[in-house]
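Dumped start_39.txt below, it's compact mmCIF, C-alpha atoms and all ligand atoms:
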# COMPACT_ATOMS: atom_id res chain seq x y z
CA MET W 28 89.56 30.13 -13.15
CA VAL W 29 87.11 28.06 -15.20
CA LYS W 30 87.71 25.00 -17.28
CA ALA W 31 84.88 23.29 -19.10
CA GLU W 32 85.79 20.04 -20.79
CA ASN W 33 83.59 18.35 -23.33
CA VAL W 34 80.39 19.42 -21.58
CA ARG W 35 77.25 17.71 -22.80
CA LYS W 36 73.71 18.51 -21.82
CA SER W 37 70.37 17.36 -23.13
CA PHE W 38 66.81 18.27 -22.30
CA GLY W 39 64.91 15.09 -23.04
CA LYS W 40 65.82 14.18 -26.60
CA LEU W 41 67.16 17.61 -27.41
CA GLN W 42 70.92 17.74 -27.18
CA VAL W 43 71.69 21.35 -26.35
CA LEU W 44 75.42 21.16 -25.57
CA LYS W 45 77.36 18.78 -27.76
CA GLY W 46 80.78 18.74 -26.15
CA VAL W 47 81.72 22.28 -25.19
CA SER W 48 85.25 22.99 -23.96
CA LEU W 49 86.38 26.39 -22.80
CA GLU W 50 89.09 27.65 -20.50
CA VAL W 51 88.95 31.09 -18.91
CA LYS W 52 91.96 32.46 -17.08
CA GLN W 53 91.89 34.78 -14.12
CA GLY W 54 91.22 38.34 -15.23
CA GLU W 55 90.12 37.29 -18.69
CA VAL W 56 86.95 38.58 -20.34
CA VAL W 57 85.37 36.06 -22.68
CA VAL W 58 82.37 37.05 -24.76
CA ILE W 59 80.11 34.36 -26.18
CA ILE W 60 78.12 35.19 -29.28
CA GLY W 61 75.88 33.05 -31.41
CA PRO W 62 72.35 32.58 -32.70
CA SER W 63 69.37 32.19 -30.40
CA GLY W 64 68.97 28.60 -29.27
CA SER W 65 72.63 27.71 -29.74
CA GLY W 66 73.06 26.80 -26.05
CA LYS W 67 74.75 29.93 -24.71
CA SER W 68 72.50 30.35 -21.68
CA THR W 69 72.54 26.66 -20.92
CA PHE W 70 76.33 26.68 -20.99
CA LEU W 71 76.50 29.61 -18.55
CA ARG W 72 73.99 27.86 -16.29
CA CYS W 73 76.15 24.72 -16.29
CA ILE W 74 79.11 26.74 -15.02
CA ASN W 75 77.38 27.64 -11.75
CA HIS W 76 75.41 24.43 -11.62
CA LEU W 77 72.00 25.95 -12.20
CA GLU W 78 71.89 23.08 -14.67
CA SER W 79 73.63 19.78 -14.03
CA ILE W 80 75.73 18.43 -16.89
CA ASP W 81 75.24 14.99 -18.44
CA SER W 82 78.92 14.38 -19.06
CA GLY W 83 82.23 16.17 -19.22
CA ASN W 84 83.68 18.38 -16.53
CA VAL W 85 83.35 21.89 -15.22
CA ILE W 86 86.17 23.01 -12.95
CA PHE W 87 85.86 26.35 -11.18
CA ASP W 88 88.76 27.70 -9.15
CA GLY W 89 90.30 24.25 -9.01
CA GLN W 90 87.15 22.41 -7.93
CA PRO W 91 84.71 20.35 -9.95
CA VAL W 92 81.40 22.21 -10.02
CA GLY W 93 78.61 20.29 -8.41
CA PHE W 94 80.82 17.43 -7.22
CA LYS W 95 83.37 16.77 -4.54
CA GLN W 96 85.93 14.05 -4.10
CA LEU W 97 85.91 12.25 -0.78
CA ALA W 98 89.02 10.96 1.01
CA ASN W 99 88.30 7.46 -0.31
CA GLY W 100 88.30 8.77 -3.88
CA LYS W 101 84.51 8.56 -4.30
CA VAL W 102 82.86 11.43 -6.10
CA MET W 103 79.71 12.88 -4.51
CA PRO W 104 77.29 15.54 -5.65
CA VAL W 105 77.52 18.82 -3.75
CA LYS W 106 74.25 20.07 -2.29
CA GLY W 107 72.73 22.59 0.09
CA LYS W 108 75.11 24.84 1.90
CA GLU W 109 78.20 23.80 -0.04
CA LEU W 110 76.47 24.44 -3.34
CA CYS W 111 75.36 27.84 -2.02
CA GLN W 112 78.96 28.62 -1.16
CA LEU W 113 80.16 27.66 -4.60
CA ARG W 114 77.46 29.79 -6.20
CA SER W 115 78.27 32.71 -3.95
CA ARG W 116 81.69 32.89 -5.60
CA ILE W 117 80.15 33.08 -9.06
CA GLY W 118 78.03 36.16 -9.70
CA MET W 119 75.33 35.89 -12.31
CA VAL W 120 73.39 38.64 -14.00
CA PHE W 121 70.45 37.70 -16.18
CA GLN W 122 68.55 39.36 -18.96
CA ARG W 123 65.71 40.03 -16.49
CA PHE W 124 66.90 41.76 -13.40
CA ASN W 125 65.24 39.43 -10.86
CA LEU W 126 65.47 41.94 -8.03
CA PHE W 127 63.44 41.30 -4.89
CA PRO W 128 60.48 43.64 -5.52
CA HIS W 129 59.68 44.21 -1.85
CA MET W 130 63.20 45.38 -0.99
CA THR W 131 64.91 48.67 -1.71
CA ALA W 132 67.99 48.81 -3.92
CA LEU W 133 70.07 48.83 -0.74
CA GLY W 134 68.13 45.90 0.70
CA ASN W 135 68.64 43.91 -2.49
CA VAL W 136 72.39 44.40 -2.37
CA MET W 137 72.59 43.68 1.40
CA GLU W 138 70.58 40.47 1.25
CA GLY W 139 73.26 38.02 0.07
CA PRO W 140 76.05 39.18 2.39
CA VAL W 141 73.68 39.01 5.39
CA THR W 142 71.86 35.73 4.66
CA VAL W 143 74.54 33.74 2.82
CA LEU W 144 77.83 35.16 4.07
CA GLY W 145 76.59 35.89 7.60
CA LYS W 146 77.82 39.46 7.63
CA SER W 147 76.44 41.97 10.13
CA LYS W 148 73.83 44.44 8.88
CA GLU W 149 76.27 47.27 9.51
CA GLU W 150 78.95 45.74 7.39
CA ALA W 151 76.55 44.70 4.64
CA ARG W 152 75.04 48.18 4.52
CA HIS W 153 78.43 49.77 4.23
CA LEU W 154 79.43 47.45 1.40
CA ALA W 155 76.07 47.91 -0.36
CA GLU W 156 76.38 51.68 -0.25
CA GLU W 157 79.84 51.43 -1.69
CA LEU W 158 78.69 49.15 -4.50
CA LEU W 159 75.65 51.25 -5.35
CA ALA W 160 77.98 54.23 -5.65
CA LYS W 161 80.24 52.18 -7.88
CA VAL W 162 77.40 51.48 -10.32
CA GLY W 163 76.32 55.13 -10.17
CA LEU W 164 73.26 54.69 -7.96
CA ALA W 165 74.28 56.19 -4.63
CA ASP W 166 71.15 58.35 -4.73
CA LYS W 167 68.79 55.42 -5.38
CA ALA W 168 69.61 53.32 -2.32
CA GLU W 169 66.12 53.74 -0.84
CA SER W 170 64.22 53.24 -4.11
CA PHE W 171 62.25 50.10 -4.80
CA PRO W 172 62.79 48.23 -8.08
CA SER W 173 59.43 49.48 -9.40
CA GLN W 174 60.70 53.05 -9.00
CA LEU W 175 63.81 52.41 -11.08
CA SER W 176 64.36 52.27 -14.84
CA GLY W 177 65.42 49.00 -16.43
CA GLY W 178 69.00 50.20 -16.70
CA GLN W 179 69.04 51.22 -13.05
CA GLN W 180 67.53 47.89 -11.99
CA GLN W 181 70.16 46.03 -13.96
CA ARG W 182 72.90 48.07 -12.30
CA VAL W 183 71.44 47.16 -8.89
CA ALA W 184 71.50 43.53 -10.01
CA ILE W 185 75.19 43.89 -10.85
CA ALA W 186 75.89 45.52 -7.47
CA ARG W 187 73.99 42.71 -5.79
CA ALA W 188 76.12 40.11 -7.55
CA LEU W 189 79.32 41.98 -6.65
CA ALA W 190 78.31 42.12 -2.99
CA MET W 191 79.12 38.42 -2.76
CA LYS W 192 82.73 39.19 -3.74
CA PRO W 193 82.62 36.75 -6.64
CA LYS W 194 85.73 35.48 -8.36
CA LEU W 195 83.83 35.12 -11.60
CA MET W 196 80.94 37.04 -13.12
CA LEU W 197 78.56 35.54 -15.65
CA PHE W 198 76.38 37.86 -17.71
CA ASP W 199 73.57 36.45 -19.81
CA GLU W 200 72.43 39.09 -22.28
CA PRO W 201 72.44 41.76 -19.59
CA THR W 202 71.13 44.48 -21.88
CA SER W 203 68.70 42.69 -24.17
CA ALA W 204 65.62 43.55 -22.08
CA LEU W 205 66.52 47.23 -21.98
CA ASP W 206 65.34 50.17 -24.03
CA PRO W 207 68.14 51.19 -26.38
CA GLU W 208 68.92 54.41 -24.55
CA LEU W 209 69.56 52.48 -21.32
CA VAL W 210 71.99 49.94 -22.76
CA GLY W 211 75.05 52.17 -22.55
CA GLU W 212 74.91 52.79 -18.79
CA VAL W 213 74.88 49.05 -18.08
CA LEU W 214 77.64 48.27 -20.56
CA SER W 215 79.83 50.97 -19.07
CA VAL W 216 79.50 49.41 -15.61
CA ILE W 217 80.57 46.08 -17.09
CA LYS W 218 83.47 47.74 -18.92
CA ASN W 219 84.65 49.24 -15.63
CA LEU W 220 84.60 45.81 -14.04
CA ALA W 221 86.67 44.47 -16.92
CA SER W 222 89.24 47.20 -16.46
CA GLU W 223 89.47 46.30 -12.76
CA GLY W 224 90.47 42.78 -13.74
CA MET W 225 87.25 40.90 -12.97
CA THR W 226 87.08 37.50 -14.67
CA MET W 227 83.94 37.45 -16.77
CA ILE W 228 82.00 35.40 -19.25
CA ILE W 229 79.49 37.53 -21.10
CA VAL W 230 76.80 36.45 -23.52
CA THR W 231 75.73 39.42 -25.58
CA HIS W 232 74.32 40.55 -28.89
CA GLU W 233 76.05 43.91 -28.56
CA MET W 234 78.83 43.36 -31.06
CA GLY W 235 80.46 46.76 -30.60
CA PHE W 236 80.65 46.11 -26.88
CA ALA W 237 81.98 42.60 -27.44
CA ARG W 238 84.70 43.96 -29.62
CA GLU W 239 85.66 46.56 -27.07
CA VAL W 240 85.56 44.53 -23.87
CA ALA W 241 86.53 40.98 -24.87
CA ASP W 242 89.95 39.45 -24.59
CA ARG W 243 88.51 36.53 -26.47
CA VAL W 244 85.33 35.99 -28.46
CA VAL W 245 83.69 32.60 -28.72
CA PHE W 246 81.16 31.84 -31.44
CA MET W 247 78.66 29.11 -30.55
CA ASP W 248 76.22 27.45 -32.87
CA GLU W 249 74.01 24.40 -32.40
CA GLY W 250 75.52 23.41 -29.09
CA LYS W 251 79.15 23.66 -30.13
CA ILE W 252 81.93 26.17 -30.09
CA ILE W 253 82.57 26.80 -33.75
CA GLU W 254 85.33 29.35 -33.49
CA THR W 255 87.35 31.24 -30.90
CA GLY W 256 89.63 34.19 -31.41
CA THR W 257 90.54 37.71 -30.50
CA PRO W 258 87.79 40.25 -31.22
CA GLU W 259 89.90 41.53 -34.10
CA GLN W 260 90.13 38.05 -35.61
CA ILE W 261 86.50 37.10 -35.18
CA PHE W 262 85.03 40.38 -36.34
CA THR W 263 87.36 41.11 -39.24
CA THR W 264 88.57 37.73 -40.47
CA PRO W 265 86.22 35.01 -39.22
CA ARG W 266 87.44 31.66 -40.48
CA HIS W 267 84.28 29.63 -40.33
CA PRO W 268 81.44 30.20 -42.81
CA ARG W 269 78.86 29.94 -40.01
CA THR W 270 80.60 32.69 -38.07
CA ARG W 271 80.63 34.86 -41.20
CA GLU W 272 76.96 34.16 -41.82
CA PHE W 273 76.02 35.00 -38.23
CA LEU W 274 78.05 38.19 -38.17
CA SER W 275 76.62 39.39 -41.45
CA SER W 276 73.12 38.86 -40.01
CA VAL W 277 73.78 40.95 -36.89
CA LEU W 278 76.28 43.61 -37.96
P1 LIG W 301 70.66 30.47 -26.22
O1 LIG W 301 70.92 31.07 -24.89
O2 LIG W 301 71.88 30.35 -27.08
O3 LIG W 301 69.56 31.18 -26.95
P2 LIG W 301 69.63 28.26 -24.71
O4 LIG W 301 70.75 27.67 -23.96
O5 LIG W 301 68.68 29.13 -23.97
O6 LIG W 301 70.17 28.98 -26.02
O7 LIG W 301 68.74 27.09 -25.32
C1 LIG W 301 69.27 26.09 -26.16
C2 LIG W 301 68.17 25.11 -26.47
O8 LIG W 301 67.81 24.42 -25.30
C3 LIG W 301 66.91 25.75 -27.00
O9 LIG W 301 66.38 24.92 -28.02
C4 LIG W 301 66.00 25.76 -25.80
O10 LIG W 301 64.66 25.71 -26.18
C5 LIG W 301 66.42 24.53 -25.06
N1 LIG W 301 66.23 24.62 -23.61
C6 LIG W 301 66.86 25.50 -22.79
N2 LIG W 301 66.50 25.31 -21.51
C7 LIG W 301 65.64 24.27 -21.52
C8 LIG W 301 64.90 23.57 -20.50
N3 LIG W 301 65.01 23.89 -19.20
N4 LIG W 301 64.10 22.56 -20.88
C9 LIG W 301 64.00 22.21 -22.18
N5 LIG W 301 64.64 22.81 -23.19
C10 LIG W 301 65.46 23.83 -22.86
MG MG W 302 70.12 32.73 -23.96
Let me see whether you can do it: turn the structure in this file into structure tokens.
Ligand code: ADP
Ligand code: MG
Amino acid sequence: MVKAENVRKSFGKLQVLKGVSLEVKQGEVVVIIGPSGSGKSTFLRCINHLESIDSGNVIFDGQPVGFKQLANGKVMPVKGKELCQLRSRIGMVFQRFNLFPHMTALGNVMEGPVTVLGKSKEEARHLAEELLAKVGLADKAESFPSQLSGGQQQRVAIARALAMKPKLMLFDEPTSALDPELVGEVLSVIKNLASEGMTMIIVTHEMGFAREVADRVVFMDEGKIIETGTPEQIFTTPRHPRTREFLSSVL
């Protein structure tokens, strides 16, 4: 589903990704852990081309992200509508919920299908209601973001991403802006998605959750993948000293 090969990215003189390679198969749940500033968010943003990469490759669903090959073999950047279409197949949920404040929960979830996918309002409403029910918010359809708790807003954000029928979901610390008592409701929605076979890459500091939901855990530090393994392996017998050091600081 996703293949990143030797991805490099700098901001000015700061090299943030120093050759990151990661393959994620359909239906797989990969959790990325690592210290703040290690490049986790940047890496996620490179996967859906919110950031362009300096070198390497990102292939999503068989296509290079951000580029297309013409009949004559030339490689061209993908822009505008085509880029929108690519992004519509990759759902992203951020630490901050980024809901449209002037729209109800229902309106937020309907927006993408109507404006990007060209669905009728009827159809989009039907889908949005279904998705709000799925994340446990059937009764909040008419509420505005300001009337919802952080956990509820984040669940609307997840429903909104799902409304685009993505093939891949990216989560960037989806619970780190939440009060502790609201973390569980968001994690359980993500766990449900995992059990339904959604392909996901999740950056999180919730180690218990990582252990439970991940097929594979990736430890990143200073712009590199240091170690990859099953949750069991990483959390009980980490091989690399930096992984051990990080885990002992967060567990
Ligand atoms: P993480 O998500 O692991 O905390 P990030 O990917 O957010 O790490 O950031 C990695 C490094 O890149 C940090 O030093 C951060 O300050 C820097 N960085 C991230 N985005 C930008 C940007 N748009 N411009 C300049 N520096 C950035
Ligand atoms: Mg981050």
query: Residues at most 10 Å from ligand LIG 301 (chain W), using only C-alpha atoms and all ligand atoms? Could they come as JSON, numbers by chain?
result: {"W": [36, 37, 38, 39, 40, 41, 42, 43, 44, 59, 60, 61, 62, 63, 64, 65, 66, 67, 68, 69, 70, 71, 72, 73, 78, 199, 200, 230, 231, 247, 248, 249, 250]}
field: Distance query stretch 194-197 of chain W at most 6 Å, all atoms listed in the file, self and fewer than 6 positions along chain excluded, as an MDAnalysis selection string
entry: chainID W and resid 116:119 226:229
Need to verify the contact set: W:Pro258, 10 Å, only C-alpha atoms, exclusion of same-chain residues closer than 5 positions in sequence. Can you return it as a compact mmCIF listing (two decimals) with C-alpha atoms, keeping the file's coordinate frame?
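To be explicit, this is the file written out as out05.txt:
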# COMPACT_ATOMS: atom_id res chain seq x y z
CA VAL W 57 85.37 36.06 -22.68
CA VAL W 58 82.37 37.05 -24.76
CA MET W 234 78.83 43.36 -31.06
CA GLY W 235 80.46 46.76 -30.60
CA ALA W 237 81.98 42.60 -27.44
CA ARG W 238 84.70 43.96 -29.62
CA GLU W 239 85.66 46.56 -27.07
CA VAL W 240 85.56 44.53 -23.87
CA ALA W 241 86.53 40.98 -24.87
CA ASP W 242 89.95 39.45 -24.59
CA ARG W 243 88.51 36.53 -26.47
CA VAL W 244 85.33 35.99 -28.46
CA VAL W 245 83.69 32.60 -28.72
CA THR W 263 87.36 41.11 -39.24
CA THR W 264 88.57 37.73 -40.47
CA PRO W 265 86.22 35.01 -39.22
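With distances restricted to all atoms listed in the file, W:Arg123 is the closest residue to ligand MG 302 (chain W) from W:Gly46, W:Leu144, W:Arg123, W:Glu272.
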message: Just the number, please: distance in Å from atom CA of W:Val34 to atom CA of W:Cys111, one decimal.
response: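 Result for atom CA of W:Val34 versus atom CA of W:Cys111: 21.9 Å, one decimal.
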message: Between atom CA of W:Ser176 and atom CA of W:His153, what distance in Å does the model show, to one decimal?
response: 23.8 Å
Please determine an axis-aligned box that encloses all atoms of stretch 151-161 of chain W listed in the file, with 5 Å added on each side, and express its centre and edge lengths in Å to one decimal as AutoDock Vina command-line options.
--center_x 77.6 --center_y 49.5 --center_z -1.6 --size_x 15.2 --size_y 19.5 --size_z 22.5
message: Just to confirm, what's the straight-line distance from atom CA of W:Gln90 to atom CA of W:Leu113 in Å (one decimal)?
response: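 Atom-to-atom, atom CA of W:Gln90 to atom CA of W:Leu113, that is 9.4 Å.
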- request: Take the point (73.8, 49.7, 1.6) as written in the file and pick out every residue within 8 Å of it, counting only C-alpha atoms; give the list as a list in words.
  value: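 Within 8 Å of (73.8, 49.7, 1.6), the protein and nucleic acid residues are Leu133, Gly134, Val136, Met137, Ala151, Arg152, His153, Leu154, Ala155, Glu156, Glu157, Leu158, Leu159 and Ala168 of chain W.
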task: Point out the residue among W:Ala204, W:Met225, W:Leu175, W:Val51 with the least atom-to-atom distance to ligand MG 302 (chain W), counting only C-alpha atoms and all ligand atoms.
output: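 Closest residue, counting only C-alpha atoms and all ligand atoms: W:Ala204.
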field: Closest of W:Pro193, W:Ser203, W:Arg266, W:Pro91 to ligand MG 302 (chain W) - atom-to-atom distances counting all atoms listed in the file
entry: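 Checking each candidate against ligand MG 302 (chain W), we get W:Ser203 as the closest.
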